[in-house]
$ cat protein.pdb   # PDB, C-alpha atoms
MODEL        1
ATOM      1  CA  GLY K  27      13.043  59.607 105.904  1.00  0.00           C
ATOM      2  CA  GLN K  28      16.626  59.517 104.773  1.00  0.00           C
ATOM      3  CA  SER K  29      19.036  62.307 103.872  1.00  0.00           C
ATOM      4  CA  LEU K  30      22.678  61.875 102.896  1.00  0.00           C
ATOM      5  CA  GLU K  31      25.277  64.620 102.547  1.00  0.00           C
ATOM      6  CA  GLN K  32      28.491  64.345 100.540  1.00  0.00           C
ATOM      7  CA  PRO K  33      30.978  66.958  99.353  1.00  0.00           C
ATOM      8  CA  SER K  34      30.283  67.900  95.739  1.00  0.00           C
ATOM      9  CA  GLU K  35      33.915  67.711  94.650  1.00  0.00           C
ATOM     10  CA  VAL K  36      37.264  66.447  95.923  1.00  0.00           C
ATOM     11  CA  THR K  37      40.627  66.846  94.186  1.00  0.00           C
ATOM     12  CA  ALA K  38      43.854  64.958  94.829  1.00  0.00           C
ATOM     13  CA  VAL K  39      47.102  64.030  93.112  1.00  0.00           C
ATOM     14  CA  GLU K  40      48.073  60.667  91.730  1.00  0.00           C
ATOM     15  CA  GLY K  41      49.501  58.355  94.394  1.00  0.00           C
ATOM     16  CA  ALA K  42      47.871  60.196  97.275  1.00  0.00           C
ATOM     17  CA  ILE K  43      45.168  59.068  99.699  1.00  0.00           C
ATOM     18  CA  VAL K  44      41.726  60.674  99.651  1.00  0.00           C
ATOM     19  CA  GLN K  45      38.702  60.340 101.921  1.00  0.00           C
ATOM     20  CA  ILE K  46      35.143  60.991 100.765  1.00  0.00           C
ATOM     21  CA  ASN K  47      32.739  61.568 103.621  1.00  0.00           C
ATOM     22  CA  CYS K  48      29.054  60.760 103.869  1.00  0.00           C
ATOM     23  CA  THR K  49      26.920  62.013 106.713  1.00  0.00           C
ATOM     24  CA  TYR K  50      23.344  60.948 106.998  1.00  0.00           C
ATOM     25  CA  GLN K  51      20.081  61.541 108.798  1.00  0.00           C
ATOM     26  CA  THR K  52      17.885  58.498 108.760  1.00  0.00           C
ATOM     27  CA  SER K  53      15.344  56.840 110.957  1.00  0.00           C
ATOM     28  CA  GLY K  54      17.085  53.526 110.593  1.00  0.00           C
ATOM     29  CA  PHE K  55      18.945  51.579 107.958  1.00  0.00           C
ATOM     30  CA  TYR K  56      20.589  48.241 107.329  1.00  0.00           C
ATOM     31  CA  GLY K  57      23.887  49.444 105.950  1.00  0.00           C
ATOM     32  CA  LEU K  58      25.888  51.957 103.943  1.00  0.00           C
ATOM     33  CA  SER K  59      26.967  51.242 100.370  1.00  0.00           C
ATOM     34  CA  TRP K  60      29.319  53.006  97.974  1.00  0.00           C
ATOM     35  CA  TYR K  61      29.082  53.155  94.182  1.00  0.00           C
ATOM     36  CA  GLN K  62      31.499  54.470  91.554  1.00  0.00           C
ATOM     37  CA  GLN K  63      30.380  56.067  88.300  1.00  0.00           C
ATOM     38  CA  HIS K  64      32.667  57.193  85.494  1.00  0.00           C
ATOM     39  CA  ASP K  65      31.529  59.939  83.139  1.00  0.00           C
ATOM     40  CA  GLY K  66      28.937  58.570  80.747  1.00  0.00           C
ATOM     41  CA  GLY K  67      28.961  55.203  82.469  1.00  0.00           C
ATOM     42  CA  ALA K  68      26.751  53.254  84.856  1.00  0.00           C
ATOM     43  CA  PRO K  69      27.227  53.132  88.637  1.00  0.00           C
ATOM     44  CA  THR K  70      29.090  50.079  89.878  1.00  0.00           C
ATOM     45  CA  PHE K  71      29.023  48.710  93.416  1.00  0.00           C
ATOM     46  CA  LEU K  72      32.203  49.208  95.477  1.00  0.00           C
ATOM     47  CA  SER K  73      31.541  48.276  99.087  1.00  0.00           C
ATOM     48  CA  TYR K  74      29.015  47.777 101.871  1.00  0.00           C
ATOM     49  CA  ASN K  75      29.172  48.285 105.633  1.00  0.00           C
ATOM     50  CA  ALA K  76      26.486  46.548 107.657  1.00  0.00           C
ATOM     51  CA  LEU K  77      28.389  46.956 110.919  1.00  0.00           C
ATOM     52  CA  ASP K  78      30.496  49.728 112.403  1.00  0.00           C
ATOM     53  CA  GLY K  79      34.142  49.658 111.454  1.00  0.00           C
ATOM     54  CA  LEU K  80      36.384  49.431 108.458  1.00  0.00           C
ATOM     55  CA  GLU K  81      35.912  47.172 105.435  1.00  0.00           C
ATOM     56  CA  GLU K  82      38.885  46.855 103.093  1.00  0.00           C
ATOM     57  CA  THR K  83      38.823  45.823  99.442  1.00  0.00           C
ATOM     58  CA  GLY K  84      42.188  46.337  97.784  1.00  0.00           C
ATOM     59  CA  ARG K  85      42.985  50.042  97.467  1.00  0.00           C
ATOM     60  CA  PHE K  86      39.501  50.991  98.639  1.00  0.00           C
ATOM     61  CA  SER K  87      38.242  50.944 102.226  1.00  0.00           C
ATOM     62  CA  SER K  88      34.903  51.991 103.657  1.00  0.00           C
ATOM     63  CA  PHE K  89      34.062  52.960 107.211  1.00  0.00           C
ATOM     64  CA  LEU K  90      30.821  53.299 109.145  1.00  0.00           C
ATOM     65  CA  SER K  91      30.047  54.778 112.562  1.00  0.00           C
ATOM     66  CA  ARG K  92      26.348  54.581 113.393  1.00  0.00           C
ATOM     67  CA  SER K  93      26.806  56.531 116.637  1.00  0.00           C
ATOM     68  CA  ASP K  94      28.246  59.439 114.634  1.00  0.00           C
ATOM     69  CA  SER K  95      25.851  59.035 111.668  1.00  0.00           C
ATOM     70  CA  TYR K  96      28.907  59.064 109.474  1.00  0.00           C
ATOM     71  CA  GLY K  97      30.757  57.001 106.957  1.00  0.00           C
ATOM     72  CA  TYR K  98      33.554  57.445 104.481  1.00  0.00           C
ATOM     73  CA  LEU K  99      35.235  55.892 101.477  1.00  0.00           C
ATOM     74  CA  LEU K 100      39.029  55.857 101.546  1.00  0.00           C
ATOM     75  CA  LEU K 101      40.965  55.525  98.309  1.00  0.00           C
ATOM     76  CA  GLN K 102      44.684  54.796  98.545  1.00  0.00           C
ATOM     77  CA  GLU K 103      47.440  54.992  95.931  1.00  0.00           C
ATOM     78  CA  LEU K 104      45.210  57.105  93.725  1.00  0.00           C
ATOM     79  CA  GLN K 105      45.324  56.462  90.004  1.00  0.00           C
ATOM     80  CA  MET K 106      44.078  58.632  87.157  1.00  0.00           C
ATOM     81  CA  LYS K 107      41.365  56.055  86.453  1.00  0.00           C
ATOM     82  CA  ASP K 108      39.901  56.726  89.912  1.00  0.00           C
ATOM     83  CA  SER K 109      38.584  60.056  88.601  1.00  0.00           C
ATOM     84  CA  ALA K 110      34.839  59.468  88.817  1.00  0.00           C
ATOM     85  CA  SER K 111      31.759  60.256  90.870  1.00  0.00           C
ATOM     86  CA  TYR K 112      31.237  58.348  94.116  1.00  0.00           C
ATOM     87  CA  PHE K 113      27.812  57.880  95.663  1.00  0.00           C
ATOM     88  CA  CYS K 114      26.947  56.699  99.146  1.00  0.00           C
ATOM     89  CA  ALA K 115      23.605  54.957  99.663  1.00  0.00           C
ATOM     90  CA  VAL K 116      21.625  53.573 102.571  1.00  0.00           C
ATOM     91  CA  ARG K 117      19.047  50.801 102.587  1.00  0.00           C
ATOM     92  CA  PRO K 118      16.238  51.809 104.968  1.00  0.00           C
ATOM     93  CA  ALA K 119      15.133  49.418 107.683  1.00  0.00           C
ATOM     94  CA  SER K 120      11.659  50.900 107.985  1.00  0.00           C
ATOM     95  CA  GLY K 121       8.803  51.404 105.588  1.00  0.00           C
ATOM     96  CA  GLY K 122       9.117  47.994 104.010  1.00  0.00           C
ATOM     97  CA  SER K 123      10.325  49.160 100.619  1.00  0.00           C
ATOM     98  CA  TYR K 124      14.049  48.470 101.176  1.00  0.00           C
ATOM     99  CA  ILE K 125      14.729  50.854  98.302  1.00  0.00           C
ATOM    100  CA  PRO K 126      18.188  52.421  98.656  1.00  0.00           C
ATOM    101  CA  THR K 127      18.514  56.186  98.993  1.00  0.00           C
ATOM    102  CA  PHE K 128      21.521  57.707  97.225  1.00  0.00           C
ATOM    103  CA  GLY K 129      23.538  60.773  98.136  1.00  0.00           C
ATOM    104  CA  ARG K 130      24.126  63.516  95.563  1.00  0.00           C
ATOM    105  CA  GLY K 131      27.539  62.132  94.689  1.00  0.00           C
ATOM    106  CA  THR K 132      31.111  63.404  95.020  1.00  0.00           C
ATOM    107  CA  SER K 133      33.165  64.147  91.930  1.00  0.00           C
ATOM    108  CA  LEU K 134      36.762  63.003  92.500  1.00  0.00           C
ATOM    109  CA  ILE K 135      39.351  64.640  90.255  1.00  0.00           C
ATOM    110  CA  VAL K 136      42.803  63.050  90.273  1.00  0.00           C
ATOM    111  CA  HIS K 137      45.642  65.213  88.936  1.00  0.00           C
ATOM    112  CA  PRO K 138      48.982  63.893  87.640  1.00  0.00           C
TER     113      PRO K 138
ATOM    114  CA  GLU S 165      30.057  41.055  85.021  1.00  0.00           C
ATOM    115  CA  ALA S 166      26.449  42.150  85.351  1.00  0.00           C
ATOM    116  CA  ASP S 167      24.025  40.932  82.697  1.00  0.00           C
ATOM    117  CA  ILE S 168      21.626  43.818  82.390  1.00  0.00           C
ATOM    118  CA  TYR S 169      20.913  45.420  79.058  1.00  0.00           C
ATOM    119  CA  GLN S 170      19.268  48.579  77.879  1.00  0.00           C
ATOM    120  CA  THR S 171      18.158  49.632  74.418  1.00  0.00           C
ATOM    121  CA  PRO S 172      18.469  51.963  72.716  1.00  0.00           C
ATOM    122  CA  ARG S 173      21.708  53.436  74.069  1.00  0.00           C
ATOM    123  CA  TYR S 174      20.993  56.802  72.446  1.00  0.00           C
ATOM    124  CA  LEU S 175      17.711  58.257  71.225  1.00  0.00           C
ATOM    125  CA  VAL S 176      16.781  61.606  69.711  1.00  0.00           C
ATOM    126  CA  ILE S 177      13.065  62.122  69.301  1.00  0.00           C
ATOM    127  CA  GLY S 178      10.588  64.922  68.706  1.00  0.00           C
ATOM    128  CA  THR S 179       8.170  66.383  71.208  1.00  0.00           C
ATOM    129  CA  GLY S 180       4.903  64.498  71.603  1.00  0.00           C
ATOM    130  CA  LYS S 181       6.216  61.125  70.457  1.00  0.00           C
ATOM    131  CA  LYS S 182       5.578  57.945  72.439  1.00  0.00           C
ATOM    132  CA  ILE S 183       8.720  55.988  73.314  1.00  0.00           C
ATOM    133  CA  THR S 184       9.587  52.821  75.178  1.00  0.00           C
ATOM    134  CA  LEU S 185      12.967  52.261  76.761  1.00  0.00           C
ATOM    135  CA  GLU S 186      13.839  48.598  77.087  1.00  0.00           C
ATOM    136  CA  CYS S 187      15.586  46.920  80.017  1.00  0.00           C
ATOM    137  CA  SER S 188      16.341  43.226  80.432  1.00  0.00           C
ATOM    138  CA  GLN S 189      18.374  41.253  82.941  1.00  0.00           C
ATOM    139  CA  THR S 190      19.423  37.617  82.867  1.00  0.00           C
ATOM    140  CA  MET S 191      20.329  37.265  86.545  1.00  0.00           C
ATOM    141  CA  GLY S 192      16.853  36.238  87.733  1.00  0.00           C
ATOM    142  CA  HIS S 193      16.639  39.241  90.057  1.00  0.00           C
ATOM    143  CA  ASP S 194      13.249  39.989  91.555  1.00  0.00           C
ATOM    144  CA  LYS S 195      13.779  43.711  92.110  1.00  0.00           C
ATOM    145  CA  MET S 196      14.221  46.187  89.256  1.00  0.00           C
ATOM    146  CA  TYR S 197      14.481  49.969  89.178  1.00  0.00           C
ATOM    147  CA  TRP S 198      14.442  52.935  86.811  1.00  0.00           C
ATOM    148  CA  TYR S 199      16.486  56.038  87.601  1.00  0.00           C
ATOM    149  CA  GLN S 200      16.774  59.379  85.842  1.00  0.00           C
ATOM    150  CA  GLN S 201      20.124  61.149  86.004  1.00  0.00           C
ATOM    151  CA  ASP S 202      21.278  64.423  84.479  1.00  0.00           C
ATOM    152  CA  PRO S 203      25.036  64.753  83.775  1.00  0.00           C
ATOM    153  CA  GLY S 204      27.037  65.113  86.980  1.00  0.00           C
ATOM    154  CA  MET S 205      23.918  65.004  89.104  1.00  0.00           C
ATOM    155  CA  GLU S 206      22.284  62.624  91.561  1.00  0.00           C
ATOM    156  CA  LEU S 207      20.179  59.573  90.769  1.00  0.00           C
ATOM    157  CA  HIS S 208      16.421  60.057  90.932  1.00  0.00           C
ATOM    158  CA  LEU S 209      14.276  56.944  91.389  1.00  0.00           C
ATOM    159  CA  ILE S 210      11.253  57.064  89.083  1.00  0.00           C
ATOM    160  CA  HIS S 211       9.878  53.490  89.241  1.00  0.00           C
ATOM    161  CA  TYR S 212      10.631  50.171  90.898  1.00  0.00           C
ATOM    162  CA  SER S 213       9.295  46.646  90.968  1.00  0.00           C
ATOM    163  CA  TYR S 214       9.446  43.818  93.506  1.00  0.00           C
ATOM    164  CA  GLY S 215       8.564  41.167  90.969  1.00  0.00           C
ATOM    165  CA  VAL S 216       6.129  40.180  88.247  1.00  0.00           C
ATOM    166  CA  ASN S 217       2.956  42.312  88.247  1.00  0.00           C
ATOM    167  CA  SER S 218       4.388  44.566  90.977  1.00  0.00           C
ATOM    168  CA  THR S 219       5.277  48.177  90.158  1.00  0.00           C
ATOM    169  CA  GLU S 220       5.587  51.292  92.294  1.00  0.00           C
ATOM    170  CA  LYS S 221       6.326  54.943  91.610  1.00  0.00           C
ATOM    171  CA  GLY S 222       9.504  56.412  93.019  1.00  0.00           C
ATOM    172  CA  ASP S 223      10.330  59.832  94.359  1.00  0.00           C
ATOM    173  CA  LEU S 224      10.400  61.640  91.038  1.00  0.00           C
ATOM    174  CA  SER S 225       7.253  62.161  89.025  1.00  0.00           C
ATOM    175  CA  SER S 226       8.377  61.587  85.464  1.00  0.00           C
ATOM    176  CA  GLU S 227       5.093  61.169  83.576  1.00  0.00           C
ATOM    177  CA  SER S 228       6.155  57.694  82.589  1.00  0.00           C
ATOM    178  CA  THR S 229       4.758  54.209  83.119  1.00  0.00           C
ATOM    179  CA  VAL S 230       6.331  50.777  83.560  1.00  0.00           C
ATOM    180  CA  SER S 231       5.227  47.177  83.345  1.00  0.00           C
ATOM    181  CA  ARG S 232       6.602  43.902  84.720  1.00  0.00           C
ATOM    182  CA  ILE S 233       5.039  40.992  82.904  1.00  0.00           C
ATOM    183  CA  ARG S 234       8.198  38.861  82.985  1.00  0.00           C
ATOM    184  CA  THR S 235      10.893  38.718  85.648  1.00  0.00           C
ATOM    185  CA  GLU S 236      13.643  39.622  83.215  1.00  0.00           C
ATOM    186  CA  HIS S 237      11.924  42.509  81.446  1.00  0.00           C
ATOM    187  CA  PHE S 238      11.068  46.008  82.822  1.00  0.00           C
ATOM    188  CA  PRO S 239      10.271  48.517  80.040  1.00  0.00           C
ATOM    189  CA  LEU S 240       9.687  52.229  80.654  1.00  0.00           C
ATOM    190  CA  THR S 241       7.214  54.145  78.469  1.00  0.00           C
ATOM    191  CA  LEU S 242       6.844  57.868  77.921  1.00  0.00           C
ATOM    192  CA  GLU S 243       3.413  58.475  76.389  1.00  0.00           C
ATOM    193  CA  SER S 244       4.272  61.965  75.151  1.00  0.00           C
ATOM    194  CA  ALA S 245       7.905  63.011  75.215  1.00  0.00           C
ATOM    195  CA  ARG S 246       8.791  66.581  76.187  1.00  0.00           C
ATOM    196  CA  PRO S 247      12.115  68.471  76.189  1.00  0.00           C
ATOM    197  CA  SER S 248      12.107  68.273  80.008  1.00  0.00           C
ATOM    198  CA  HIS S 249      12.458  64.488  79.632  1.00  0.00           C
ATOM    199  CA  THR S 250      15.911  64.941  78.117  1.00  0.00           C
ATOM    200  CA  SER S 251      18.195  62.989  80.446  1.00  0.00           C
ATOM    201  CA  GLN S 252      19.963  59.682  80.998  1.00  0.00           C
ATOM    202  CA  TYR S 253      17.761  56.789  82.095  1.00  0.00           C
ATOM    203  CA  LEU S 254      19.393  53.994  84.081  1.00  0.00           C
ATOM    204  CA  CYS S 255      17.843  50.602  84.749  1.00  0.00           C
ATOM    205  CA  ALA S 256      19.054  48.473  87.663  1.00  0.00           C
ATOM    206  CA  SER S 257      18.252  45.177  89.322  1.00  0.00           C
ATOM    207  CA  SER S 258      19.024  43.479  92.628  1.00  0.00           C
ATOM    208  CA  GLU S 259      18.307  40.293  94.491  1.00  0.00           C
ATOM    209  CA  TRP S 260      15.686  40.261  97.216  1.00  0.00           C
ATOM    210  CA  GLU S 261      17.675  40.968 100.379  1.00  0.00           C
ATOM    211  CA  GLY S 262      17.020  38.208 102.835  1.00  0.00           C
ATOM    212  CA  ALA S 263      19.322  39.309 105.594  1.00  0.00           C
ATOM    213  CA  GLN S 264      20.367  42.496 107.267  1.00  0.00           C
ATOM    214  CA  ARG S 265      23.976  41.946 106.278  1.00  0.00           C
ATOM    215  CA  SER S 266      23.121  41.671 102.600  1.00  0.00           C
ATOM    216  CA  ALA S 267      24.234  44.703 100.647  1.00  0.00           C
ATOM    217  CA  GLY S 268      21.318  44.562  98.281  1.00  0.00           C
ATOM    218  CA  GLU S 269      23.844  45.408  95.606  1.00  0.00           C
ATOM    219  CA  GLN S 270      22.300  47.002  92.562  1.00  0.00           C
ATOM    220  CA  TYR S 271      23.526  46.120  89.097  1.00  0.00           C
ATOM    221  CA  PHE S 272      23.087  48.948  86.605  1.00  0.00           C
ATOM    222  CA  GLY S 273      22.606  48.792  82.869  1.00  0.00           C
ATOM    223  CA  PRO S 274      24.630  51.033  80.519  1.00  0.00           C
ATOM    224  CA  GLY S 275      21.822  53.599  80.322  1.00  0.00           C
ATOM    225  CA  THR S 276      19.778  55.260  77.591  1.00  0.00           C
ATOM    226  CA  ARG S 277      20.666  58.836  76.783  1.00  0.00           C
ATOM    227  CA  LEU S 278      17.439  60.503  75.626  1.00  0.00           C
ATOM    228  CA  THR S 279      17.188  63.841  73.840  1.00  0.00           C
ATOM    229  CA  VAL S 280      13.768  65.310  73.119  1.00  0.00           C
ATOM    230  CA  THR S 281      13.785  68.118  70.580  1.00  0.00           C
TER     231      THR S 281
ENDMDL
END

$ encode --input "protein.pdb" --output "structure tokens"
Amino acid sequence: GQSLEQPSEVTAVEGAIVQINCTYQTSGFYGLSWYQQHDGGAPTFLSYNALDGLEETGRFSSFLSRSDSYGYLLLQELQMKDSASYFCAVRPASGGSYIPTFGRGTSLIVHP
Amino acid sequence: EADIYQTPRYLVIGTGKKITLECSQTMGHDKMYWYQQDPGMELHLIHYSYGVNSTEKGDLSSESTVSRIRTEHFPLTLESARPSHTSQYLCASSEWEGAQRSAGEQYFGPGTRLTVT
């Protein structure tokens, strides 16, 4: 099975850099994804790591280390609009369903 | 921009009523999903489908049923609504992932916020 752990809440100030961690226990997976969800809104896809290392998309970067069972989302130059919940998800490689498993989500609060 | 729609956006209904939440996507995606999410909480998968005439139950038992008669349409039905069904229901779709490096990105609809009184 799969199990993902994320901090429940992270706070930071505008303009800063913040890292949201995701540790997992899984029997095998294809990759680690990140989604953003604003209050009252729908989750939207941010990034995907199929291989170990860093993937950069503008102000957001995502990292995966399979040997450490660990990944993170890095947000730079924080803006007030980045206040949202962030979910990590894995797509299992076994079982045949390929249904992603989501973490519980991390609420990011950005202060002025 | 994702083309996945849900109706109604908000619904208040009495206990015992039968309701159907609609979900449609125009992207031609084979896979579709229903999630239940309480405010500030995690996503719980309640149903999914690989394609027409294929439906499976997810991790959460929600006393609901789904159907997939057309690729673009994946309605969710509650036969008898209860206050415990009060929640947000999110529909999503994704392409069939053909390769390991594919993200299998899910596109989510705007959600239906259901209140059962």

$ residues_around --input "protein.pdb" --residues "Pro274 in chain S" --least-positions-apart "2" --cutoff "12 Å" --atoms "all atoms listed in the file" --output "JSON list (two decimals) with C-alpha atoms, in the coordinates of the input"
[["chain", "number", "residue", "atom", "x", "y", "z"],
["K", 63, "GLN", "CA", 30.38, 56.07, 88.30],
["K", 64, "HIS", "CA", 32.67, 57.19, 85.49],
["K", 65, "ASP", "CA", 31.53, 59.94, 83.14],
["K", 66, "GLY", "CA", 28.94, 58.57, 80.75],
["K", 67, "GLY", "CA", 28.96, 55.20, 82.47],
["K", 68, "ALA", "CA", 26.75, 53.25, 84.86],
["K", 69, "PRO", "CA", 27.23, 53.13, 88.64],
["K", 70, "THR", "CA", 29.09, 50.08, 89.88],
["S", 166, "ALA", "CA", 26.45, 42.15, 85.35],
["S", 167, "ASP", "CA", 24.02, 40.93, 82.70],
["S", 168, "ILE", "CA", 21.63, 43.82, 82.39],
["S", 169, "TYR", "CA", 20.91, 45.42, 79.06],
["S", 170, "GLN", "CA", 19.27, 48.58, 77.88],
["S", 171, "THR", "CA", 18.16, 49.63, 74.42],
["S", 172, "PRO", "CA", 18.47, 51.96, 72.72],
["S", 173, "ARG", "CA", 21.71, 53.44, 74.07],
["S", 174, "TYR", "CA", 20.99, 56.80, 72.45],
["S", 186, "GLU", "CA", 13.84, 48.60, 77.09],
["S", 187, "CYS", "CA", 15.59, 46.92, 80.02],
["S", 188, "SER", "CA", 16.34, 43.23, 80.43],
["S", 189, "GLN", "CA", 18.37, 41.25, 82.94],
["S", 199, "TYR", "CA", 16.49, 56.04, 87.60],
["S", 252, "GLN", "CA", 19.96, 59.68, 81.00],
["S", 253, "TYR", "CA", 17.76, 56.79, 82.10],
["S", 254, "LEU", "CA", 19.39, 53.99, 84.08],
["S", 255, "CYS", "CA", 17.84, 50.60, 84.75],
["S", 256, "ALA", "CA", 19.05, 48.47, 87.66],
["S", 271, "TYR", "CA", 23.53, 46.12, 89.10],
["S", 272, "PHE", "CA", 23.09, 48.95, 86.60],
["S", 276, "THR", "CA", 19.78, 55.26, 77.59],
["S", 277, "ARG", "CA", 20.67, 58.84, 76.78]]

$ atom_distance --input "protein.pdb" --atom1 "CA of Phe89 in chain K" --atom2 "CA of Val44 in chain K"
13.2 Å

$ closest_residue --input "protein.pdb" --among "K:Ile125, K:Leu58, K:Arg92, K:Arg85" --to "Ser213 in chain S" --atoms "only C-alpha atoms"
K:Ile125

$ residues_around --input "protein.pdb" --residues "Trp60 in chain K" --least-positions-apart "2" --cutoff "10 Å" --atoms "all atoms listed in the file" --output "VMD selection string"
(chain K and resid 48 58 62 69 to 75 88 97 to 99 112 to 116 128 to 129 131) or (chain S and resid 269)

$ resolve_selection --input "protein.pdb" --expression "the PyMOL selection byres ((chain K and resi 134) around 6)" --output "list in words"
Glu35, Val36, Thr37, Ser109, Ala110, Ser111, Ser133 and Ile135 of chain K

$ residues_around --input "protein.pdb" --residues "Asp194 in chain S" --least-positions-apart "5" --cutoff "6 Å" --atoms "all atoms listed in the file" --output "count of residues only"
3

$ residues_near_point --input "protein.pdb" --point "(30.2, 64.4, 106.5)" --cutoff "12 Å" --atoms "only C-alpha atoms" --output "MDAnalysis selection string"
chainID K and resid 29:34 45:51 90:91 94:99 114 129 132

$ residues_around --input "protein.pdb" --residues "Ile210 in chain S" --least-positions-apart "4" --cutoff "10 Å" --atoms "all atoms listed in the file" --output "list in words"
Tyr197, Trp198, Tyr199, Gln200, Glu220, Lys221, Gly222, Asp223, Leu224, Ser225, Ser226, Glu227, Ser228, Thr229, Val230, Leu240 and Tyr253 of chain S

$ write_last_selection --input "protein.pdb" --atoms "C-alpha atoms" --output "PDB file, in the coordinates of the input"
ATOM      1  CA  TYR S 197      14.481  49.969  89.178  1.00  0.00           C
ATOM      2  CA  TRP S 198      14.442  52.935  86.811  1.00  0.00           C
ATOM      3  CA  TYR S 199      16.486  56.038  87.601  1.00  0.00           C
ATOM      4  CA  GLN S 200      16.774  59.379  85.842  1.00  0.00           C
ATOM      5  CA  GLU S 220       5.587  51.292  92.294  1.00  0.00           C
ATOM      6  CA  LYS S 221       6.326  54.943  91.610  1.00  0.00           C
ATOM      7  CA  GLY S 222       9.504  56.412  93.019  1.00  0.00           C
ATOM      8  CA  ASP S 223      10.330  59.832  94.359  1.00  0.00           C
ATOM      9  CA  LEU S 224      10.400  61.640  91.038  1.00  0.00           C
ATOM     10  CA  SER S 225       7.253  62.161  89.025  1.00  0.00           C
ATOM     11  CA  SER S 226       8.377  61.587  85.464  1.00  0.00           C
ATOM     12  CA  GLU S 227       5.093  61.169  83.576  1.00  0.00           C
ATOM     13  CA  SER S 228       6.155  57.694  82.589  1.00  0.00           C
ATOM     14  CA  THR S 229       4.758  54.209  83.119  1.00  0.00           C
ATOM     15  CA  VAL S 230       6.331  50.777  83.560  1.00  0.00           C
ATOM     16  CA  LEU S 240       9.687  52.229  80.654  1.00  0.00           C
ATOM     17  CA  TYR S 253      17.761  56.789  82.095  1.00  0.00           C
TER      18      TYR S 253
END

$ closest_residue --input "protein.pdb" --among "S:Pro203, S:Gly192, S:Pro247, S:Pro239" --to "Gly178 in chain S" --atoms "all atoms listed in the file"
S:Pro247

$ resolve_selection --input "protein.pdb" --expression "the PyMOL selection byres ((chain S and resi 182) around 8)" --output "ChimeraX atom specification"
/S:180-181,183-184,241-245

$ decode --input "protein.pdb" --residues "range 39-58 of chain K" --atoms "C-alpha atoms" --output "compact mmCIF listing (two decimals), in the first residue's frame"
# COMPACT_ATOMS: atom_id res chain seq x y z
CA VAL K 39 6.31 35.77 4.89
CA GLU K 40 5.87 37.31 1.49
CA GLY K 41 9.05 37.16 -0.60
CA ALA K 42 10.54 34.28 1.35
CA ILE K 43 11.29 30.71 0.28
CA VAL K 44 9.37 27.79 1.75
CA GLN K 45 9.77 24.03 1.44
CA ILE K 46 6.90 21.58 1.89
CA ASN K 47 8.06 18.04 2.55
CA CYS K 48 6.43 14.76 1.62
CA THR K 49 7.67 11.46 2.97
CA TYR K 50 6.15 8.25 1.79
CA GLN K 51 5.96 4.53 2.37
CA THR K 52 5.01 2.67 -0.75
CA SER K 53 5.70 -0.64 -2.36
CA GLY K 54 6.52 1.04 -5.63
CA PHE K 55 5.37 3.99 -7.66
CA TYR K 56 5.92 5.73 -10.97
CA GLY K 57 6.36 9.26 -9.73
CA LEU K 58 5.49 12.01 -7.27
